[in-house]
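Reading through the structure tokens given below for one structure.
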Amino acid sequence: MKAVVLGSVGYHPNERRHTSCILFPAHGLVLDAGTGFFRIRKHIQTTSLEICLSHAHLDHVVGLTYLLNILRKSDVEHIVIRGEAEKLLAVEKHLFSDLIFPVPIAADWIALEEGPLEIMGGGKLTHFPLDDHPGGTVGYRIDQGGASFAYVADTCVREQPSYLEAIRGVDVLVHECNFRDGSEELAAKSGHSCTSQVAQLAARAEVGRLIMTHFDTLEEGDDPVGLESARALFPSTDLAEDGMEIEIPSAV
Ligand SMILES: [Zn+2]
Ligand SMILES: [Zn+2]
């Protein structure tokens with residue numbers, strides 16, 4: 001299983017990174033549709049797209065308005081957009097209001113339901129609630145042929161994270177890390193997390209590899225979160241970069 005990071009920053013793009021988006025090209029599966037979503041055309045290998053939203057904040061959904069060009073200049077014919085029911089309604093009503101984006105998008109909007117979803121090419125997708133981000137967010141987990149992957153977008157890391165068991169033992173965890181250590185108060189206030197909190201969570205959840213993402217957009221350098229302090233707590237930590245390919249090895 002292979003994923004490509006198309007956007008790895010929060011809030012707004014900077015000179016180096018676009019906002020949240022991850023594509024599984026062979027599965028036509030997209031996790032979040034931030035500004036990095038425009039890059040899909042270059043990578044897509046399928047004629048349908050399944051877009052799963054963590055929540056409806058603009059840095060995760062604005063890319064849906066770029067779908068017209070993807071439909072115009074690729075082989076994509078069928079699009080499904082999934083998310084929590086009230087988030088989908090908000091996006092349809094407001095982002096696709098005539099006064100904001102006057103062209104309707106030919107997509108099926110389907111609210112997330114309990115239980116796993118089959119993904120194209122085999123494998124299952126499950127979702128689970130995250131913690132203390134304004135309006136609420138969901139994380140996703142993909143299991144395919146013995147390989148496992150989890151995506152945890154905007155969340156705080158509580159002392160007892162509600163989603164700990166949902167991500168336990170995954171081969172690859174992509175987890176938000178909006179702030180460096182020292183910004184715990186701001187992180188708690190804005191519903192985000194800091195470096196050591198995320199690295200400790202990865203160790204506790206016994207994941208194979210941690211990839212931090214959704215960085216503070218004001219951090220434009222090579223190391224937006226203090227990678228060495230993360231590695232001191234969880235050695236198998238890397239930082240997402242736009243264009244980064246993630247191989248999720250299959251155990252079977
Ligand atoms: Zn965000
Ligand atoms: Zn958010």
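Each chain in the structure tokens gets a letter, A, B, ..., in the order shown, and its residues are numbered from 1; ligands are numbered from 1 in order too.
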_Nearby residues, ligand 2, 7 Å, only C-alpha atoms and all ligand atoms, as a PyMOL selection string_ = chain A and resi 55+57+133-134+154
Restricting the output to all heavy atoms, write the selected residues as a compact mmCIF listing (two decimals), in the first residue's frame.
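Printed below is again.txt as written:
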```txt
# COMPACT_ATOMS: atom_id res chain seq x y z
N HIS A 55 -12.85 16.66 9.08
CA HIS A 55 -13.78 17.67 9.57
C HIS A 55 -13.91 18.74 8.50
O HIS A 55 -13.36 18.57 7.40
CB HIS A 55 -13.36 18.22 10.94
CG HIS A 55 -12.05 18.95 10.99
ND1 HIS A 55 -10.89 18.48 10.42
CD2 HIS A 55 -11.71 20.15 11.57
CE1 HIS A 55 -9.90 19.33 10.65
NE2 HIS A 55 -10.37 20.36 11.33
N HIS A 57 -13.19 22.16 8.61
CA HIS A 57 -12.41 23.41 8.61
C HIS A 57 -11.77 23.60 7.24
O HIS A 57 -11.41 22.64 6.56
CB HIS A 57 -11.34 23.39 9.72
CG HIS A 57 -11.94 23.50 11.09
ND1 HIS A 57 -11.24 23.24 12.24
CD2 HIS A 57 -13.20 23.86 11.48
CE1 HIS A 57 -12.04 23.44 13.30
NE2 HIS A 57 -13.22 23.81 12.85
N HIS A 133 -10.99 18.96 19.42
CA HIS A 133 -10.80 19.96 18.38
C HIS A 133 -12.16 20.63 18.16
O HIS A 133 -13.17 19.94 18.11
CB HIS A 133 -10.29 19.32 17.10
CG HIS A 133 -9.82 20.31 16.08
ND1 HIS A 133 -8.68 21.07 16.25
CD2 HIS A 133 -10.35 20.70 14.90
CE1 HIS A 133 -8.53 21.87 15.21
NE2 HIS A 133 -9.53 21.67 14.37
N PRO A 134 -12.19 21.96 18.01
CA PRO A 134 -13.49 22.65 17.90
C PRO A 134 -14.38 22.06 16.80
O PRO A 134 -13.94 21.93 15.66
CB PRO A 134 -13.11 24.09 17.56
CG PRO A 134 -11.70 24.24 18.06
CD PRO A 134 -11.06 22.88 17.95
N ASP A 154 -6.58 16.98 13.02
CA ASP A 154 -6.61 17.93 14.12
C ASP A 154 -7.18 17.33 15.42
O ASP A 154 -8.33 16.92 15.49
CB ASP A 154 -7.44 19.16 13.71
CG ASP A 154 -6.91 19.81 12.44
OD1 ASP A 154 -6.13 19.15 11.73
OD2 ASP A 154 -7.28 20.96 12.16
```
Using only C-alpha atoms and all ligand atoms, determine which residues fall within 12 Å of ligand 1, then list them as a PDB file with N, CA, C and O atoms, in the first residue's frame.
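Output file selection32.pdb follows:
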```pdb
ATOM      1  N   GLY A   7      -0.290  17.559   1.030  1.00  0.00           N
ATOM      2  CA  GLY A   7      -0.317  18.791   1.818  1.00  0.00           C
ATOM      3  C   GLY A   7      -0.020  18.459   3.268  1.00  0.00           C
ATOM      4  O   GLY A   7      -0.530  17.463   3.786  1.00  0.00           O
ATOM      5  N   SER A   8       0.821  19.251   3.921  1.00  0.00           N
ATOM      6  CA  SER A   8       1.301  18.859   5.255  1.00  0.00           C
ATOM      7  C   SER A   8       1.343  20.013   6.255  1.00  0.00           C
ATOM      8  O   SER A   8       2.037  19.937   7.252  1.00  0.00           O
ATOM      9  N   VAL A   9       0.588  21.069   5.979  1.00  0.00           N
ATOM     10  CA  VAL A   9       0.579  22.195   6.911  1.00  0.00           C
ATOM     11  C   VAL A   9      -0.868  22.500   7.299  1.00  0.00           C
ATOM     12  O   VAL A   9      -1.804  22.093   6.617  1.00  0.00           O
ATOM     13  N   GLY A  10      -1.041  23.191   8.441  1.00  0.00           N
ATOM     14  CA  GLY A  10      -2.377  23.594   8.858  1.00  0.00           C
ATOM     15  C   GLY A  10      -2.672  25.037   8.477  1.00  0.00           C
ATOM     16  O   GLY A  10      -1.768  25.789   8.092  1.00  0.00           O
ATOM     17  N   TYR A  11      -3.927  25.399   8.556  1.00  0.00           N
ATOM     18  CA  TYR A  11      -4.428  26.767   8.398  1.00  0.00           C
ATOM     19  C   TYR A  11      -4.319  27.305   6.976  1.00  0.00           C
ATOM     20  O   TYR A  11      -5.308  27.409   6.258  1.00  0.00           O
ATOM     21  N   HIS A  12      -3.107  27.680   6.533  1.00  0.00           N
ATOM     22  CA  HIS A  12      -2.991  28.184   5.159  1.00  0.00           C
ATOM     23  C   HIS A  12      -1.673  27.726   4.571  1.00  0.00           C
ATOM     24  O   HIS A  12      -0.730  27.408   5.306  1.00  0.00           O
ATOM     25  N   PRO A  13      -1.559  27.686   3.235  1.00  0.00           N
ATOM     26  CA  PRO A  13      -0.304  27.238   2.638  1.00  0.00           C
ATOM     27  C   PRO A  13       0.824  28.208   2.973  1.00  0.00           C
ATOM     28  O   PRO A  13       0.575  29.389   3.244  1.00  0.00           O
ATOM     29  N   HIS A  18       1.511  22.863   1.249  1.00  0.00           N
ATOM     30  CA  HIS A  18       0.077  23.112   1.127  1.00  0.00           C
ATOM     31  C   HIS A  18      -0.665  22.486   2.301  1.00  0.00           C
ATOM     32  O   HIS A  18      -0.085  21.743   3.084  1.00  0.00           O
ATOM     33  N   THR A  19      -1.971  22.795   2.428  1.00  0.00           N
ATOM     34  CA  THR A  19      -2.719  22.267   3.581  1.00  0.00           C
ATOM     35  C   THR A  19      -3.213  20.838   3.310  1.00  0.00           C
ATOM     36  O   THR A  19      -3.239  20.362   2.181  1.00  0.00           O
ATOM     37  N   SER A  20      -3.625  20.202   4.377  1.00  0.00           N
ATOM     38  CA  SER A  20      -3.796  18.748   4.520  1.00  0.00           C
ATOM     39  C   SER A  20      -4.455  17.988   3.367  1.00  0.00           C
ATOM     40  O   SER A  20      -5.599  18.274   2.993  1.00  0.00           O
ATOM     41  N   CYS A  21      -3.743  17.005   2.881  1.00  0.00           N
ATOM     42  CA  CYS A  21      -4.294  16.094   1.880  1.00  0.00           C
ATOM     43  C   CYS A  21      -3.334  14.904   1.715  1.00  0.00           C
ATOM     44  O   CYS A  21      -2.126  15.094   1.594  1.00  0.00           O
ATOM     45  N   ASP A  32      -8.765  13.974   3.447  1.00  0.00           N
ATOM     46  CA  ASP A  32      -8.831  15.432   3.528  1.00  0.00           C
ATOM     47  C   ASP A  32      -8.515  16.110   2.181  1.00  0.00           C
ATOM     48  O   ASP A  32      -7.804  15.567   1.337  1.00  0.00           O
ATOM     49  N   ALA A  33      -9.108  17.275   2.012  1.00  0.00           N
ATOM     50  CA  ALA A  33      -9.003  17.982   0.741  1.00  0.00           C
ATOM     51  C   ALA A  33      -8.630  19.435   0.979  1.00  0.00           C
ATOM     52  O   ALA A  33      -9.368  20.365   0.671  1.00  0.00           O
ATOM     53  N   GLY A  34      -7.449  19.621   1.568  1.00  0.00           N
ATOM     54  CA  GLY A  34      -6.921  20.970   1.743  1.00  0.00           C
ATOM     55  C   GLY A  34      -6.396  21.507   0.419  1.00  0.00           C
ATOM     56  O   GLY A  34      -6.666  20.952  -0.651  1.00  0.00           O
ATOM     57  N   THR A  35      -5.584  22.559   0.485  1.00  0.00           N
ATOM     58  CA  THR A  35      -5.120  23.168  -0.771  1.00  0.00           C
ATOM     59  C   THR A  35      -4.205  22.226  -1.560  1.00  0.00           C
ATOM     60  O   THR A  35      -4.080  22.355  -2.775  1.00  0.00           O
ATOM     61  N   LEU A  53     -13.312  13.096   4.673  1.00  0.00           N
ATOM     62  CA  LEU A  53     -12.959  14.327   5.388  1.00  0.00           C
ATOM     63  C   LEU A  53     -12.853  14.069   6.888  1.00  0.00           C
ATOM     64  O   LEU A  53     -13.703  13.391   7.471  1.00  0.00           O
ATOM     65  N   SER A  54     -11.833  14.647   7.514  1.00  0.00           N
ATOM     66  CA  SER A  54     -11.699  14.528   8.971  1.00  0.00           C
ATOM     67  C   SER A  54     -12.662  15.490   9.663  1.00  0.00           C
ATOM     68  O   SER A  54     -13.193  15.210  10.719  1.00  0.00           O
ATOM     69  N   HIS A  55     -12.850  16.659   9.078  1.00  0.00           N
ATOM     70  CA  HIS A  55     -13.782  17.666   9.573  1.00  0.00           C
ATOM     71  C   HIS A  55     -13.909  18.738   8.501  1.00  0.00           C
ATOM     72  O   HIS A  55     -13.359  18.568   7.403  1.00  0.00           O
ATOM     73  N   ALA A  56     -14.643  19.806   8.807  1.00  0.00           N
ATOM     74  CA  ALA A  56     -14.996  20.741   7.737  1.00  0.00           C
ATOM     75  C   ALA A  56     -14.239  22.070   7.802  1.00  0.00           C
ATOM     76  O   ALA A  56     -14.598  23.016   7.108  1.00  0.00           O
ATOM     77  N   HIS A  57     -13.189  22.163   8.614  1.00  0.00           N
ATOM     78  CA  HIS A  57     -12.410  23.413   8.611  1.00  0.00           C
ATOM     79  C   HIS A  57     -11.773  23.604   7.235  1.00  0.00           C
ATOM     80  O   HIS A  57     -11.409  22.637   6.557  1.00  0.00           O
ATOM     81  N   LEU A  58     -11.630  24.877   6.853  1.00  0.00           N
ATOM     82  CA  LEU A  58     -11.269  25.175   5.463  1.00  0.00           C
ATOM     83  C   LEU A  58      -9.951  24.543   5.027  1.00  0.00           C
ATOM     84  O   LEU A  58      -9.796  24.166   3.863  1.00  0.00           O
ATOM     85  N   ASP A  59      -8.998  24.424   5.962  1.00  0.00           N
ATOM     86  CA  ASP A  59      -7.701  23.856   5.545  1.00  0.00           C
ATOM     87  C   ASP A  59      -7.798  22.366   5.223  1.00  0.00           C
ATOM     88  O   ASP A  59      -6.826  21.762   4.778  1.00  0.00           O
ATOM     89  N   HIS A  60      -8.989  21.782   5.404  1.00  0.00           N
ATOM     90  CA  HIS A  60      -9.202  20.362   5.093  1.00  0.00           C
ATOM     91  C   HIS A  60     -10.242  20.150   3.990  1.00  0.00           C
ATOM     92  O   HIS A  60     -10.438  19.024   3.554  1.00  0.00           O
ATOM     93  N   VAL A  61     -10.933  21.215   3.586  1.00  0.00           N
ATOM     94  CA  VAL A  61     -12.017  21.024   2.607  1.00  0.00           C
ATOM     95  C   VAL A  61     -11.971  21.961   1.395  1.00  0.00           C
ATOM     96  O   VAL A  61     -12.648  21.699   0.393  1.00  0.00           O
ATOM     97  N   VAL A  62     -11.187  23.026   1.453  1.00  0.00           N
ATOM     98  CA  VAL A  62     -11.285  24.026   0.380  1.00  0.00           C
ATOM     99  C   VAL A  62     -10.922  23.424  -0.981  1.00  0.00           C
ATOM    100  O   VAL A  62     -11.433  23.841  -2.026  1.00  0.00           O
ATOM    101  N   HIS A 133     -10.988  18.958  19.424  1.00  0.00           N
ATOM    102  CA  HIS A 133     -10.797  19.964  18.383  1.00  0.00           C
ATOM    103  C   HIS A 133     -12.158  20.634  18.159  1.00  0.00           C
ATOM    104  O   HIS A 133     -13.169  19.940  18.106  1.00  0.00           O
ATOM    105  N   PRO A 134     -12.186  21.960  18.006  1.00  0.00           N
ATOM    106  CA  PRO A 134     -13.493  22.646  17.900  1.00  0.00           C
ATOM    107  C   PRO A 134     -14.379  22.055  16.795  1.00  0.00           C
ATOM    108  O   PRO A 134     -13.943  21.925  15.659  1.00  0.00           O
ATOM    109  N   GLY A 135     -15.590  21.680  17.164  1.00  0.00           N
ATOM    110  CA  GLY A 135     -16.535  21.110  16.196  1.00  0.00           C
ATOM    111  C   GLY A 135     -16.408  19.612  16.044  1.00  0.00           C
ATOM    112  O   GLY A 135     -17.280  18.965  15.477  1.00  0.00           O
ATOM    113  N   GLY A 136     -15.306  19.048  16.521  1.00  0.00           N
ATOM    114  CA  GLY A 136     -15.124  17.595  16.443  1.00  0.00           C
ATOM    115  C   GLY A 136     -14.432  17.165  15.156  1.00  0.00           C
ATOM    116  O   GLY A 136     -14.583  17.790  14.106  1.00  0.00           O
ATOM    117  N   THR A 137     -13.643  16.102  15.248  1.00  0.00           N
ATOM    118  CA  THR A 137     -12.937  15.546  14.079  1.00  0.00           C
ATOM    119  C   THR A 137     -12.986  14.025  14.160  1.00  0.00           C
ATOM    120  O   THR A 137     -13.169  13.467  15.236  1.00  0.00           O
ATOM    121  N   VAL A 138     -12.775  13.390  13.016  1.00  0.00           N
ATOM    122  CA  VAL A 138     -12.613  11.929  13.029  1.00  0.00           C
ATOM    123  C   VAL A 138     -11.256  11.572  12.435  1.00  0.00           C
ATOM    124  O   VAL A 138     -10.720  12.274  11.565  1.00  0.00           O
ATOM    125  N   VAL A 152      -4.499  10.692  11.806  1.00  0.00           N
ATOM    126  CA  VAL A 152      -5.103  11.462  12.891  1.00  0.00           C
ATOM    127  C   VAL A 152      -4.872  12.939  12.596  1.00  0.00           C
ATOM    128  O   VAL A 152      -3.770  13.459  12.760  1.00  0.00           O
ATOM    129  N   ALA A 153      -5.943  13.586  12.116  1.00  0.00           N
ATOM    130  CA  ALA A 153      -5.858  15.017  11.802  1.00  0.00           C
ATOM    131  C   ALA A 153      -6.046  15.802  13.101  1.00  0.00           C
ATOM    132  O   ALA A 153      -5.746  15.295  14.175  1.00  0.00           O
ATOM    133  N   ASP A 154      -6.582  16.977  13.017  1.00  0.00           N
ATOM    134  CA  ASP A 154      -6.614  17.929  14.124  1.00  0.00           C
ATOM    135  C   ASP A 154      -7.177  17.332  15.420  1.00  0.00           C
ATOM    136  O   ASP A 154      -8.335  16.917  15.487  1.00  0.00           O
ATOM    137  N   THR A 155      -6.355  17.330  16.439  1.00  0.00           N
ATOM    138  CA  THR A 155      -6.760  16.786  17.738  1.00  0.00           C
ATOM    139  C   THR A 155      -5.824  17.285  18.834  1.00  0.00           C
ATOM    140  O   THR A 155      -4.677  17.630  18.559  1.00  0.00           O
ATOM    141  N   CYS A 156      -6.326  17.286  20.053  1.00  0.00           N
ATOM    142  CA  CYS A 156      -5.447  17.383  21.219  1.00  0.00           C
ATOM    143  C   CYS A 156      -5.000  15.967  21.566  1.00  0.00           C
ATOM    144  O   CYS A 156      -5.669  15.003  21.208  1.00  0.00           O
ATOM    145  N   HIS A 175       0.128  11.658  12.119  1.00  0.00           N
ATOM    146  CA  HIS A 175      -0.555  12.352  13.218  1.00  0.00           C
ATOM    147  C   HIS A 175      -0.223  13.839  13.166  1.00  0.00           C
ATOM    148  O   HIS A 175       0.910  14.230  12.938  1.00  0.00           O
ATOM    149  N   GLU A 176      -1.213  14.658  13.405  1.00  0.00           N
ATOM    150  CA  GLU A 176      -0.960  16.097  13.453  1.00  0.00           C
ATOM    151  C   GLU A 176       0.029  16.456  14.550  1.00  0.00           C
ATOM    152  O   GLU A 176       0.077  15.816  15.604  1.00  0.00           O
ATOM    153  N   CYS A 177       0.833  17.478  14.303  1.00  0.00           N
ATOM    154  CA  CYS A 177       1.716  18.031  15.328  1.00  0.00           C
ATOM    155  C   CYS A 177       1.848  19.513  15.000  1.00  0.00           C
ATOM    156  O   CYS A 177       2.785  19.937  14.342  1.00  0.00           O
ATOM    157  N   ASN A 178       0.864  20.272  15.453  1.00  0.00           N
ATOM    158  CA  ASN A 178       0.791  21.661  15.018  1.00  0.00           C
ATOM    159  C   ASN A 178       1.830  22.556  15.692  1.00  0.00           C
ATOM    160  O   ASN A 178       2.232  23.570  15.130  1.00  0.00           O
ATOM    161  N   SER A 190      -6.437  25.754  21.062  1.00  0.00           N
ATOM    162  CA  SER A 190      -6.821  25.698  19.651  1.00  0.00           C
ATOM    163  C   SER A 190      -7.169  24.283  19.196  1.00  0.00           C
ATOM    164  O   SER A 190      -7.508  24.065  18.034  1.00  0.00           O
ATOM    165  N   GLY A 191      -7.064  23.309  20.104  1.00  0.00           N
ATOM    166  CA  GLY A 191      -7.435  21.940  19.740  1.00  0.00           C
ATOM    167  C   GLY A 191      -6.363  21.218  18.948  1.00  0.00           C
ATOM    168  O   GLY A 191      -6.672  20.431  18.043  1.00  0.00           O
ATOM    169  N   HIS A 192      -5.114  21.472  19.279  1.00  0.00           N
ATOM    170  CA  HIS A 192      -4.002  20.839  18.564  1.00  0.00           C
ATOM    171  C   HIS A 192      -3.041  20.181  19.559  1.00  0.00           C
ATOM    172  O   HIS A 192      -3.302  20.120  20.753  1.00  0.00           O
ATOM    173  N   SER A 193      -1.899  19.711  19.031  1.00  0.00           N
ATOM    174  CA  SER A 193      -0.973  18.970  19.890  1.00  0.00           C
ATOM    175  C   SER A 193       0.466  19.425  19.664  1.00  0.00           C
ATOM    176  O   SER A 193       0.777  20.082  18.678  1.00  0.00           O
ATOM    177  N   THR A 213       2.546  15.598  10.865  1.00  0.00           N
ATOM    178  CA  THR A 213       2.046  16.456   9.782  1.00  0.00           C
ATOM    179  C   THR A 213       1.233  17.611  10.367  1.00  0.00           C
ATOM    180  O   THR A 213       1.213  17.800  11.577  1.00  0.00           O
ATOM    181  N   HIS A 214       0.584  18.405   9.499  1.00  0.00           N
ATOM    182  CA  HIS A 214      -0.249  19.539   9.913  1.00  0.00           C
ATOM    183  C   HIS A 214       0.553  20.476  10.818  1.00  0.00           C
ATOM    184  O   HIS A 214       0.182  20.771  11.955  1.00  0.00           O
ATOM    185  N   PHE A 215       1.679  20.949  10.257  1.00  0.00           N
ATOM    186  CA  PHE A 215       2.559  21.824  11.030  1.00  0.00           C
ATOM    187  C   PHE A 215       2.015  23.253  11.065  1.00  0.00           C
ATOM    188  O   PHE A 215       1.198  23.642  10.236  1.00  0.00           O
ATOM    189  N   ASP A 216       2.540  24.007  12.011  1.00  0.00           N
ATOM    190  CA  ASP A 216       2.261  25.432  12.105  1.00  0.00           C
ATOM    191  C   ASP A 216       2.749  26.094  10.809  1.00  0.00           C
ATOM    192  O   ASP A 216       3.919  25.980  10.450  1.00  0.00           O
ATOM    193  N   THR A 217       1.871  26.791  10.146  1.00  0.00           N
ATOM    194  CA  THR A 217       2.214  27.364   8.843  1.00  0.00           C
ATOM    195  C   THR A 217       3.276  28.473   8.933  1.00  0.00           C
ATOM    196  O   THR A 217       3.884  28.839   7.930  1.00  0.00           O
TER     197      THR A 217
END
```
*asked:* To test your reading of the structure, identify every residue in range 15-234 of chain A that backbone DSSP assigns to helix (DSSP H, G or I), and report it as a ChimeraX atom specification.
replied: /A:25-27,35-43,58-72,85-95,164-167,184-190,195-204,227-233
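Here CA of Ala199 in chain A is placed at a distance of 5.9 Å from CA of Leu233 in chain A.
For the atom pair formed by CA of Ala230 in chain A and CA of Gly182 in chain A, the distance is 13.3 Å, given to one decimal.
Distances from A:Glu92, A:Ala111, A:His27, A:Val174 to Val5 in chain A were compared using only C-alpha atoms, and the smallest one belongs to A:Val174.
For range 124-126 of chain A, the set of protein, DNA and RNA residues having any atom at most 7 Å away, when counting only C-alpha atoms and skipping those fewer than 4 positions along the same chain, is Gly115, Pro116, Leu117, Glu118, Ile119, Tyr140, Arg141, Ile142, Asp143 and Gln144 of chain A.
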Would you mind exporting all heavy atoms of the selected residues as a CSV table (one decimal), in the first residue's frame?
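So out_7.csv came out as:
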```csv
chain,number,residue,atom,x,y,z
A,115,GLY,N,-19.2,1.1,11.4
A,115,GLY,CA,-18.7,-0.1,10.7
A,115,GLY,C,-17.7,0.2,9.6
A,115,GLY,O,-17.7,1.4,9.1
A,116,PRO,N,-17.0,-0.8,9.2
A,116,PRO,CA,-15.9,-0.6,8.2
A,116,PRO,C,-16.5,-0.4,6.8
A,116,PRO,O,-17.6,-0.9,6.4
A,116,PRO,CB,-15.1,-1.8,8.3
A,116,PRO,CG,-15.9,-2.9,8.9
A,116,PRO,CD,-17.0,-2.1,9.7
A,117,LEU,N,-15.8,0.3,5.9
A,117,LEU,CA,-16.1,0.5,4.5
A,117,LEU,C,-15.1,-0.3,3.7
A,117,LEU,O,-13.9,-0.2,4.0
A,117,LEU,CB,-15.9,1.9,4.2
A,117,LEU,CG,-17.1,2.9,4.3
A,117,LEU,CD1,-16.5,4.3,4.0
A,117,LEU,CD2,-18.1,2.6,3.2
A,118,GLU,N,-15.5,-0.9,2.6
A,118,GLU,CA,-14.6,-1.6,1.7
A,118,GLU,C,-14.0,-0.5,0.8
A,118,GLU,O,-14.7,0.4,0.4
A,118,GLU,CB,-15.4,-2.5,0.8
A,118,GLU,CG,-15.8,-3.8,1.4
A,118,GLU,CD,-14.6,-4.7,1.8
A,118,GLU,OE1,-13.7,-4.8,1.0
A,118,GLU,OE2,-14.6,-5.3,2.9
A,119,ILE,N,-12.7,-0.5,0.6
A,119,ILE,CA,-12.1,0.4,-0.3
A,119,ILE,C,-11.7,-0.2,-1.6
A,119,ILE,O,-11.5,-1.5,-1.6
A,119,ILE,CB,-10.8,1.2,0.3
A,119,ILE,CG1,-9.7,0.2,0.7
A,119,ILE,CG2,-11.2,2.0,1.5
A,119,ILE,CD1,-8.4,0.9,1.1
A,140,TYR,N,-9.0,8.2,10.7
A,140,TYR,CA,-9.3,7.1,9.8
A,140,TYR,C,-8.2,6.0,10.0
A,140,TYR,O,-7.0,6.3,10.2
A,140,TYR,CB,-9.3,7.5,8.4
A,140,TYR,CG,-10.5,8.4,8.0
A,140,TYR,CD1,-10.4,9.8,8.0
A,140,TYR,CD2,-11.7,7.8,7.8
A,140,TYR,CE1,-11.5,10.5,7.7
A,140,TYR,CE2,-12.8,8.6,7.5
A,140,TYR,CZ,-12.7,9.9,7.4
A,140,TYR,OH,-13.8,10.7,7.1
A,141,ARG,N,-8.6,4.8,9.8
A,141,ARG,CA,-7.6,3.7,9.8
A,141,ARG,C,-7.9,2.8,8.6
A,141,ARG,O,-9.0,2.5,8.3
A,141,ARG,CB,-7.8,2.9,11.1
A,141,ARG,CG,-6.9,1.6,11.1
A,141,ARG,CD,-7.0,0.8,12.4
A,141,ARG,NE,-6.2,-0.4,12.3
A,141,ARG,CZ,-5.5,-1.0,13.2
A,141,ARG,NH1,-5.4,-0.4,14.4
A,141,ARG,NH2,-4.9,-2.1,13.0
A,142,ILE,N,-6.8,2.4,7.9
A,142,ILE,CA,-6.9,1.5,6.8
A,142,ILE,C,-6.2,0.2,7.1
A,142,ILE,O,-5.0,0.2,7.5
A,142,ILE,CB,-6.3,2.2,5.5
A,142,ILE,CG1,-7.1,3.5,5.2
A,142,ILE,CG2,-6.4,1.2,4.3
A,142,ILE,CD1,-6.3,4.4,4.3
A,143,ASP,N,-6.9,-0.9,6.8
A,143,ASP,CA,-6.2,-2.2,7.0
A,143,ASP,C,-6.3,-2.9,5.6
A,143,ASP,O,-7.4,-3.0,5.1
A,143,ASP,CB,-6.9,-3.1,8.1
A,143,ASP,CG,-6.7,-2.5,9.5
A,143,ASP,OD1,-5.6,-2.9,10.1
A,143,ASP,OD2,-7.4,-1.7,9.9
A,144,GLN,N,-5.2,-3.3,5.1
A,144,GLN,CA,-5.2,-4.0,3.8
A,144,GLN,C,-4.1,-5.1,3.8
A,144,GLN,O,-2.9,-4.7,3.9
A,144,GLN,CB,-5.1,-3.0,2.7
A,144,GLN,CG,-5.5,-3.6,1.4
A,144,GLN,CD,-4.5,-3.3,0.2
A,144,GLN,OE1,-3.3,-2.9,0.5
A,144,GLN,NE2,-5.0,-3.4,-1.0
```
*Could you give me, as number ranges by chain, each residue of range 35-185 of chain A that DSSP assigns to strand (DSSP E) when run on this structure's backbone?*
A: 48-52, 78-83, 108-111, 117-118, 124-129, 138-144, 147-152, 172-176
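As for CA of Met120 in chain A and CA of Gln45 in chain A, they are spaced 11.5 Å apart.
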*Which one is closest to Val170 in chain A: A:Leu88, A:Val103, A:Ala202, A:Ile79? Count only C-alpha atoms.*
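Of all the options, A:Ala202 lies closest to Val170 in chain A.
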_What's around Ile40 in chain A at 10 Å? Count only C-alpha atoms, leave out sequence neighbours fewer than 6 positions away in its own chain, and write the answer as number ranges by chain._
A: 4, 6, 21-25, 28, 30, 33, 66-67, 70, 74
_Residues within 8 Å of Ile81 in chain A, please, as JSON, numbers by chain. Count only C-alpha atoms; anything in the same chain fewer than 3 positions from it doesn't count._
{"A": [50, 51, 52, 53, 107, 108, 109, 110]}
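Using only C-alpha atoms, the smallest distance between any of A:Pro249, A:Phe128, A:Gly36, A:Arg82 and Leu49 in chain A comes from A:Arg82.
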*Got a sec: who's within 7 Å of range 204-211 of chain A, counting only C-alpha atoms, leaving out chain neighbours fewer than 5 positions off, as a PyMOL selection string?*
chain A and resi 164+167-175+236-240
Produce a file of the selected residues containing C-alpha atoms, as a short mmCIF file (atom, residue, chain, number, x, y, z; two decimals), in the first residue's frame.
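Written out: result_21.cif:
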```
data_model
loop_
_atom_site.label_atom_id
_atom_site.label_comp_id
_atom_site.auth_asym_id
_atom_site.auth_seq_id
_atom_site.Cartn_x
_atom_site.Cartn_y
_atom_site.Cartn_z
CA LEU A 164 -5.58 5.09 21.52
CA ILE A 167 -4.55 3.29 16.29
CA ARG A 168 -2.81 0.64 18.38
CA GLY A 169 -0.12 -1.28 16.52
CA VAL A 170 -0.57 0.30 13.08
CA ASP A 171 2.44 0.08 10.79
CA VAL A 172 2.29 3.79 9.98
CA LEU A 173 0.64 6.58 11.98
CA VAL A 174 0.31 10.00 10.36
CA HIS A 175 -0.56 12.35 13.22
CA SER A 236 10.98 5.94 14.34
CA THR A 237 9.62 9.46 13.75
CA ASP A 238 9.72 11.43 10.50
CA LEU A 239 8.24 14.68 9.28
CA ALA A 240 5.76 14.77 6.42
#
```
Mind running range 104-192 of chain A against range 94-100 of chain A at 12 Å and telling me each contacting residue's nearest atom pair with the distance in Å (one decimal), counting only C-alpha atoms, chain and number ascending, as CSV?
```
residue,atom,partner,partner_atom,distance
A:Pro104,CA,A:Phe96,CA,7.0
A:Ile105,CA,A:Phe96,CA,8.3
A:Ala106,CA,A:Phe96,CA,11.7
```
